[in-house]
Amino acid sequence: MGDNAKFSINGDNFEYPVLTGTVGPDVVDIRKLYAQTGAFTYDPGFTSTASCESELTFIDGGEGVLLHRGYPIEQLAENSSFMEVAHLLLRGELPTEDEFAEFTNTITLHTMVHEQLRGFYQGFRRDAHPMAIMCGVVGALSAFYHDSTDINDPAQRRIASHRLVAKMPTIAAMAYKYSIGQPFVYPDNKLSYTGNFLRMTFGVPAEEYVVNPAIEKAMDRIFILHADHEQNASTSTVRLAGSSGANPFACIAAGIACLWGPAHGGANEAALNMLKEIGHPDRIPEYIARAKDKDDPFRLMGFGHRVYKNYDPRASVMQETVREVFETLKVKDPVFEVALQLEEMALNDPYFIEKKLFPNVDFYSGIILSAIGFPTSMFTVLFALARTVGWVAQWNEMISDPGQRIGRPRQLYTGPTKRDYVQIDKR
């Protein structure tokens with residue numbers, strides 16, 4: 001705990017403690033502000049407000065740092081696996097060999113979904129967006145798994161956590177299969193978490209599907225890079241929904257709904273669409289000029305970040321992954337050349353350097369997913385699949401926090417003051 005922060009409101013002076021975390025900015029504890037002063041703080045978007053205490057993920061946007069329980073994201077993406085990172089987020093530490101085997105086995109045993117869930121998919125139009133299907137099906141899980149909805153029972157919370165992480169690839173693959181009119185493919189317990197997802201997505205019952213190790217590694221890395229990202233919009237949504245005591249399946253469905261927004265989970269799709277619009281490296285200067293023009297509504301998608309004011313640490317890993325995927329699949333895509341040249345020009349342009357508009361993770365992820373064979377409508381679904389681990393870890397941490405209270409943001413009211421009702425014939 002640091003020094004006290006001093007406030008003067010309406011001539012009265014108040015002091016509030018300053019809390020210090022293990023790393024990162026100090027936090028002014030204003031929990032008693034309203035009770036003592038009758039005043040609220042005003043912080044649209046809560047960008048200067050710490051809504052909780054957490055041990056999971058730390059971001060230093062100025063320095064381009066992302067840590068999961070202290071481990072740099074670059075090291076995890078290079079050396080770890082998604083299942084290891086899931087264990088780290090959910091249980092606090094990287095697993096030993098025995099712990100990893102036990103955890104992986106537990107997740108694998110939960111990958112199948114209730115057979116009646118197949119009927120849910122039939123209720124959607126064939127052209128339904130996969131994220132619409134995800135919202136509905138994940139929210140419906142609480143109707144099938146009654147034995148893991150009691151949030152006050154640690155054993156039920158643990159089972160629900162395992163079920164959500166395990167079943168999300170199955171639910172996502174089924175959403176894709178339904179949209180293209182192919183039969184669902186059941187999980188195969190011999191495969192890895194990521195390999196199993198690829199098989200359920202791209203395999204068919206009529207023939208054997210062989211997982212490409214390079215694509216499996218690339219997808220696993222993408223999942224790692226999207227596993228958790230501190231108190232972003234969808235994570236905050238999960239925590240806010242959970243603060244009311246809602247069951248975990250409903251909370252994750254709420255997170256999926258929030259992630260669907262184009263300013264959050266849809267950014268990689270927007271970046272890919274922009275690269276396709278540019279079409280050829282020769283047209284890059286034209287679009288850079290448009291991005292600098294204040295009167296032009298065009299924006300360079302995939303550049304800059306709400307938190308990172310330096311290079312997104314996930315982007316450098318993703319750039320390397322792009323090259324590996326394209327070399328493996330022998331892809332010659334003009335979109336890739338546009339991306340590389342646009343990145344190079346932007347990184348050397350004084351305008352972008354001054355405004356610190358560096359490529360972010362979304363700039364590259366859409367290119368990779370498209371090359372692997374995913375339609376753009378599935379991009380946010382894959383984001384949700386990976387982020388489920390973070391959402392579940394954050395939800396568990398919130399439930400276990402004795403200081404957690406139901407979320408109740410306040411407002412600056414600017415509407416009419418009290419007025420009396422007038423009968424309709426007198427208006």
# chains A, B, ... in the order shown; residues from 1 in each chain; ligands from 1
>>> residues_around(residues="segment 68-80 of chain A", least_positions_apart="4", cutoff="9 Å", atoms="only C-alpha atoms", output="MDAnalysis selection string")
chainID A and resid 55:58 84:85 88:89 92:93 220:222 224:225 228:229 313:314 316:317
>>> write_last_selection(atoms="N, CA and C atoms", output="compact mmCIF listing (two decimals), in the first residue's frame")
# COMPACT_ATOMS: atom_id res chain seq x y z
N GLU A 55 -4.89 -12.15 -10.47
CA GLU A 55 -3.54 -12.70 -10.54
C GLU A 55 -3.25 -13.36 -11.88
N LEU A 56 -4.16 -13.19 -12.85
CA LEU A 56 -4.07 -13.97 -14.08
C LEU A 56 -3.17 -13.35 -15.15
N THR A 57 -3.52 -12.17 -15.61
CA THR A 57 -2.85 -11.60 -16.78
C THR A 57 -2.45 -10.15 -16.50
N PHE A 58 -1.23 -9.81 -16.94
CA PHE A 58 -0.76 -8.43 -16.81
C PHE A 58 -0.36 -7.90 -18.18
N GLU A 84 -1.21 -26.56 -22.02
CA GLU A 84 -0.35 -26.12 -20.92
C GLU A 84 -0.76 -24.74 -20.43
N VAL A 85 -1.03 -23.85 -21.38
CA VAL A 85 -1.46 -22.49 -21.02
C VAL A 85 -2.81 -22.53 -20.32
N LEU A 88 -2.14 -23.47 -16.86
CA LEU A 88 -1.54 -22.32 -16.17
C LEU A 88 -2.61 -21.33 -15.72
N LEU A 89 -3.52 -20.99 -16.62
CA LEU A 89 -4.55 -20.01 -16.29
C LEU A 89 -5.56 -20.55 -15.29
N GLY A 92 -3.06 -22.15 -12.01
CA GLY A 92 -2.08 -21.28 -11.37
C GLY A 92 -0.63 -21.50 -11.75
N GLU A 93 -0.28 -22.70 -12.23
CA GLU A 93 1.11 -23.00 -12.55
C GLU A 93 1.19 -23.82 -13.82
N ASP A 220 -2.61 -23.99 -32.71
CA ASP A 220 -2.36 -24.04 -31.27
C ASP A 220 -1.76 -22.72 -30.80
N ARG A 221 -0.88 -22.16 -31.61
CA ARG A 221 -0.25 -20.88 -31.26
C ARG A 221 -1.27 -19.75 -31.28
N ILE A 222 -2.15 -19.78 -32.27
CA ILE A 222 -3.21 -18.77 -32.33
C ILE A 222 -4.10 -18.85 -31.08
N ILE A 224 -3.19 -19.93 -28.12
CA ILE A 224 -2.39 -19.41 -27.00
C ILE A 224 -2.45 -17.89 -26.98
N LEU A 225 -2.26 -17.28 -28.16
CA LEU A 225 -2.20 -15.82 -28.24
C LEU A 225 -3.53 -15.15 -27.91
N ASP A 228 -6.19 -15.21 -23.10
CA ASP A 228 -6.69 -14.25 -22.11
C ASP A 228 -6.05 -12.90 -22.40
N HIS A 229 -6.75 -11.83 -22.03
CA HIS A 229 -6.21 -10.50 -22.30
C HIS A 229 -6.70 -9.50 -21.28
N PRO A 313 2.84 -7.47 -28.56
CA PRO A 313 3.78 -8.60 -28.44
C PRO A 313 3.28 -9.85 -29.14
N ARG A 314 1.98 -9.97 -29.33
CA ARG A 314 1.42 -11.13 -30.01
C ARG A 314 1.62 -11.04 -31.52
N SER A 316 4.25 -10.02 -33.32
CA SER A 316 5.54 -10.51 -33.82
C SER A 316 5.51 -12.04 -33.93
N VAL A 317 4.89 -12.70 -32.95
CA VAL A 317 4.75 -14.16 -33.01
C VAL A 317 3.87 -14.54 -34.19
>>> select_by_dssp(residues="segment 185-386 of chain A", states="strand (DSSP E or B)", output="list of chain:residue names")
A:Val204, A:Glu207, A:Phe303, A:Pro359
>>> closest_residue(among="A:Phe358, A:Phe383, A:Phe336, A:Tyr176", to="Gly261 of chain A", atoms="only C-alpha atoms")
A:Phe383
>>> select_by_dssp(residues="segment 15-52 of chain A", states="alpha helix (DSSP H)", output="list in words")
Leu33, Tyr34, Ala35, Gln36 and Thr37 of chain A
>>> residues_around(residues="Cys251 of chain A", least_positions_apart="5", cutoff="8 Å", atoms="only C-alpha atoms", output="JSON, numbers by chain")
{"A": [237, 238, 239, 241, 242, 246]}
>>> closest_atom_pairs(of="segment 98-176 of chain A", to="segment 388-411 of chain A", cutoff="10 Å", atoms="only C-alpha atoms", output="CSV")
residue,atom,partner,partner_atom,distance
A:Ile151,CA,A:Ile399,CA,7.6
A:Asn152,CA,A:Ile399,CA,8.3
A:Pro154,CA,A:Ser400,CA,9.0
A:Arg157,CA,A:Asn396,CA,7.4
A:Arg158,CA,A:Asn396,CA,8.5
A:Ala160,CA,A:Val392,CA,8.9
A:Ser161,CA,A:Val392,CA,6.0
A:His162,CA,A:Val392,CA,9.0
A:Leu164,CA,A:Thr388,CA,7.2
A:Val165,CA,A:Val389,CA,6.0
A:Ala166,CA,A:Val389,CA,9.6
A:Met168,CA,A:Thr388,CA,7.7
>>> residues_around(residues="Ala50 of chain A", least_positions_apart="4", cutoff="12 Å", atoms="only C-alpha atoms", output="VMD selection string")
chain A and resid 19 to 21 24 to 31 43 45 to 46 54 230 to 232 236
>>> write_last_selection(atoms="N, CA and C atoms", output="compact mmCIF listing (two decimals), in the first residue's frame")
# COMPACT_ATOMS: atom_id res chain seq x y z
N LEU A 19 -3.42 1.64 -3.46
CA LEU A 19 -3.02 0.24 -3.44
C LEU A 19 -1.97 -0.03 -4.50
N THR A 20 -1.02 -0.88 -4.16
CA THR A 20 0.07 -1.21 -5.08
C THR A 20 0.06 -2.70 -5.38
N GLY A 21 0.01 -3.05 -6.67
CA GLY A 21 0.06 -4.45 -7.06
C GLY A 21 1.49 -4.93 -7.17
N GLY A 24 2.73 -2.87 -12.27
CA GLY A 24 1.69 -2.05 -12.90
C GLY A 24 1.36 -0.80 -12.11
N PRO A 25 0.42 0.01 -12.61
CA PRO A 25 0.09 1.29 -11.97
C PRO A 25 -0.51 1.09 -10.58
N ASP A 26 -0.29 2.08 -9.71
CA ASP A 26 -0.98 2.11 -8.43
C ASP A 26 -2.47 2.36 -8.67
N VAL A 27 -3.28 2.00 -7.67
CA VAL A 27 -4.73 2.12 -7.79
C VAL A 27 -5.27 2.87 -6.58
N VAL A 28 -6.05 3.92 -6.83
CA VAL A 28 -6.68 4.67 -5.74
C VAL A 28 -7.95 3.94 -5.32
N ASP A 29 -8.05 3.54 -4.07
CA ASP A 29 -9.18 2.78 -3.55
C ASP A 29 -10.32 3.76 -3.20
N ILE A 30 -11.31 3.85 -4.09
CA ILE A 30 -12.40 4.82 -3.89
C ILE A 30 -13.70 4.14 -3.48
N ARG A 31 -13.61 2.95 -2.91
CA ARG A 31 -14.82 2.22 -2.55
C ARG A 31 -15.72 3.00 -1.59
N ASP A 43 -16.07 7.86 -15.61
CA ASP A 43 -15.04 7.18 -16.39
C ASP A 43 -15.69 6.33 -17.48
N GLY A 45 -16.42 3.92 -20.33
CA GLY A 45 -15.61 2.80 -20.80
C GLY A 45 -14.73 2.21 -19.72
N PHE A 46 -14.73 2.80 -18.53
CA PHE A 46 -13.95 2.30 -17.38
C PHE A 46 -12.45 2.16 -17.71
N SER A 54 -6.80 -9.21 -9.66
CA SER A 54 -6.59 -10.44 -10.41
C SER A 54 -5.12 -10.84 -10.42
N GLU A 230 -6.59 -9.88 -20.02
CA GLU A 230 -6.93 -9.01 -18.89
C GLU A 230 -8.41 -8.63 -18.93
N GLN A 231 -8.77 -7.43 -18.48
CA GLN A 231 -10.18 -7.07 -18.30
C GLN A 231 -10.76 -6.37 -19.52
N ASN A 232 -10.71 -7.03 -20.68
CA ASN A 232 -11.28 -6.47 -21.90
C ASN A 232 -12.80 -6.52 -21.84
N SER A 236 -14.84 -8.60 -19.06
CA SER A 236 -15.60 -7.81 -18.09
C SER A 236 -17.07 -8.18 -18.11
>>> closest_residue(among="A:Ala143, A:Met345, A:Ile59, A:Ile9", to="Tyr308 of chain A", atoms="only C-alpha atoms")
A:Ile59
>>> closest_residue(among="A:Asp333, A:Asp127, A:Asp420, A:Glu324", to="Met219 of chain A", atoms="only C-alpha atoms")
A:Glu324
>>> residues_around(residues="segment 278-287 of chain A", least_positions_apart="3", cutoff="6 Å", atoms="only C-alpha atoms", output="PDB file with all heavy atoms, in the first residue's frame")
ATOM      1  N   LEU A 275      -7.356  -5.742 -46.397  1.00  0.00           N
ATOM      2  CA  LEU A 275      -6.249  -6.189 -47.238  1.00  0.00           C
ATOM      3  C   LEU A 275      -6.759  -6.653 -48.599  1.00  0.00           C
ATOM      4  O   LEU A 275      -6.133  -6.405 -49.632  1.00  0.00           O
ATOM      5  CB  LEU A 275      -5.484  -7.322 -46.538  1.00  0.00           C
ATOM      6  CG  LEU A 275      -4.727  -6.929 -45.265  1.00  0.00           C
ATOM      7  CD1 LEU A 275      -4.200  -8.170 -44.554  1.00  0.00           C
ATOM      8  CD2 LEU A 275      -3.584  -5.980 -45.584  1.00  0.00           C
ATOM      9  N   ARG A 290      -5.138   7.842 -47.682  1.00  0.00           N
ATOM     10  CA  ARG A 290      -6.516   7.955 -47.204  1.00  0.00           C
ATOM     11  C   ARG A 290      -6.576   7.845 -45.680  1.00  0.00           C
ATOM     12  O   ARG A 290      -7.361   8.541 -45.021  1.00  0.00           O
ATOM     13  CB  ARG A 290      -7.378   6.872 -47.830  1.00  0.00           C
ATOM     14  CG  ARG A 290      -7.673   7.068 -49.303  1.00  0.00           C
ATOM     15  CD  ARG A 290      -8.596   5.981 -49.820  1.00  0.00           C
ATOM     16  NE  ARG A 290      -9.871   5.996 -49.103  1.00  0.00           N
ATOM     17  CZ  ARG A 290     -10.806   5.051 -49.235  1.00  0.00           C
ATOM     18  NH1 ARG A 290     -10.587   4.014 -50.035  1.00  0.00           N
ATOM     19  NH2 ARG A 290     -11.933   5.137 -48.564  1.00  0.00           N
ATOM     20  N   VAL A 338       0.482  -7.875 -49.797  1.00  0.00           N
ATOM     21  CA  VAL A 338      -0.053  -6.571 -49.376  1.00  0.00           C
ATOM     22  C   VAL A 338       0.204  -6.360 -47.892  1.00  0.00           C
ATOM     23  O   VAL A 338       0.628  -5.280 -47.466  1.00  0.00           O
ATOM     24  CB  VAL A 338      -1.564  -6.479 -49.681  1.00  0.00           C
ATOM     25  CG1 VAL A 338      -2.172  -5.241 -49.015  1.00  0.00           C
ATOM     26  CG2 VAL A 338      -1.804  -6.436 -51.181  1.00  0.00           C
TER      27      VAL A 338
END
>>> atom_distance(atom1="atom CA of Gln319 of chain A", atom2="atom CA of Glu337 of chain A")
12.3 Å
>>> residues_around(residues="Ile180 of chain A", least_positions_apart="4", cutoff="12 Å", atoms="only C-alpha atoms", output="number ranges by chain")
A: 125-130, 173-176, 184, 201-202, 374-375, 377-378
>>> atom_distance(atom1="atom CA of Glu53 of chain A", atom2="atom CA of Ser8 of chain A")
26.7 Å
>>> residues_around(residues="segment 108-115 of chain A", least_positions_apart="5", cutoff="7 Å", atoms="only C-alpha atoms", output="PyMOL selection string")
chain A and resi 163+166-167+170+187+189
>>> write_last_selection(atoms="C-alpha atoms", output="mmCIF file, in the first residue's frame")
data_model
loop_
_atom_site.group_PDB
_atom_site.id
_atom_site.type_symbol
_atom_site.label_atom_id
_atom_site.label_comp_id
_atom_site.auth_asym_id
_atom_site.auth_seq_id
_atom_site.Cartn_x
_atom_site.Cartn_y
_atom_site.Cartn_z
ATOM 1 C CA ARG A 163 -16.750 -28.929 -19.738
ATOM 2 C CA ALA A 166 -13.494 -29.215 -23.667
ATOM 3 C CA LYS A 167 -16.799 -28.761 -25.491
ATOM 4 C CA THR A 170 -16.902 -29.454 -30.633
ATOM 5 C CA PRO A 187 -14.360 -36.016 -31.331
ATOM 6 C CA ASN A 189 -9.747 -38.914 -28.155
#
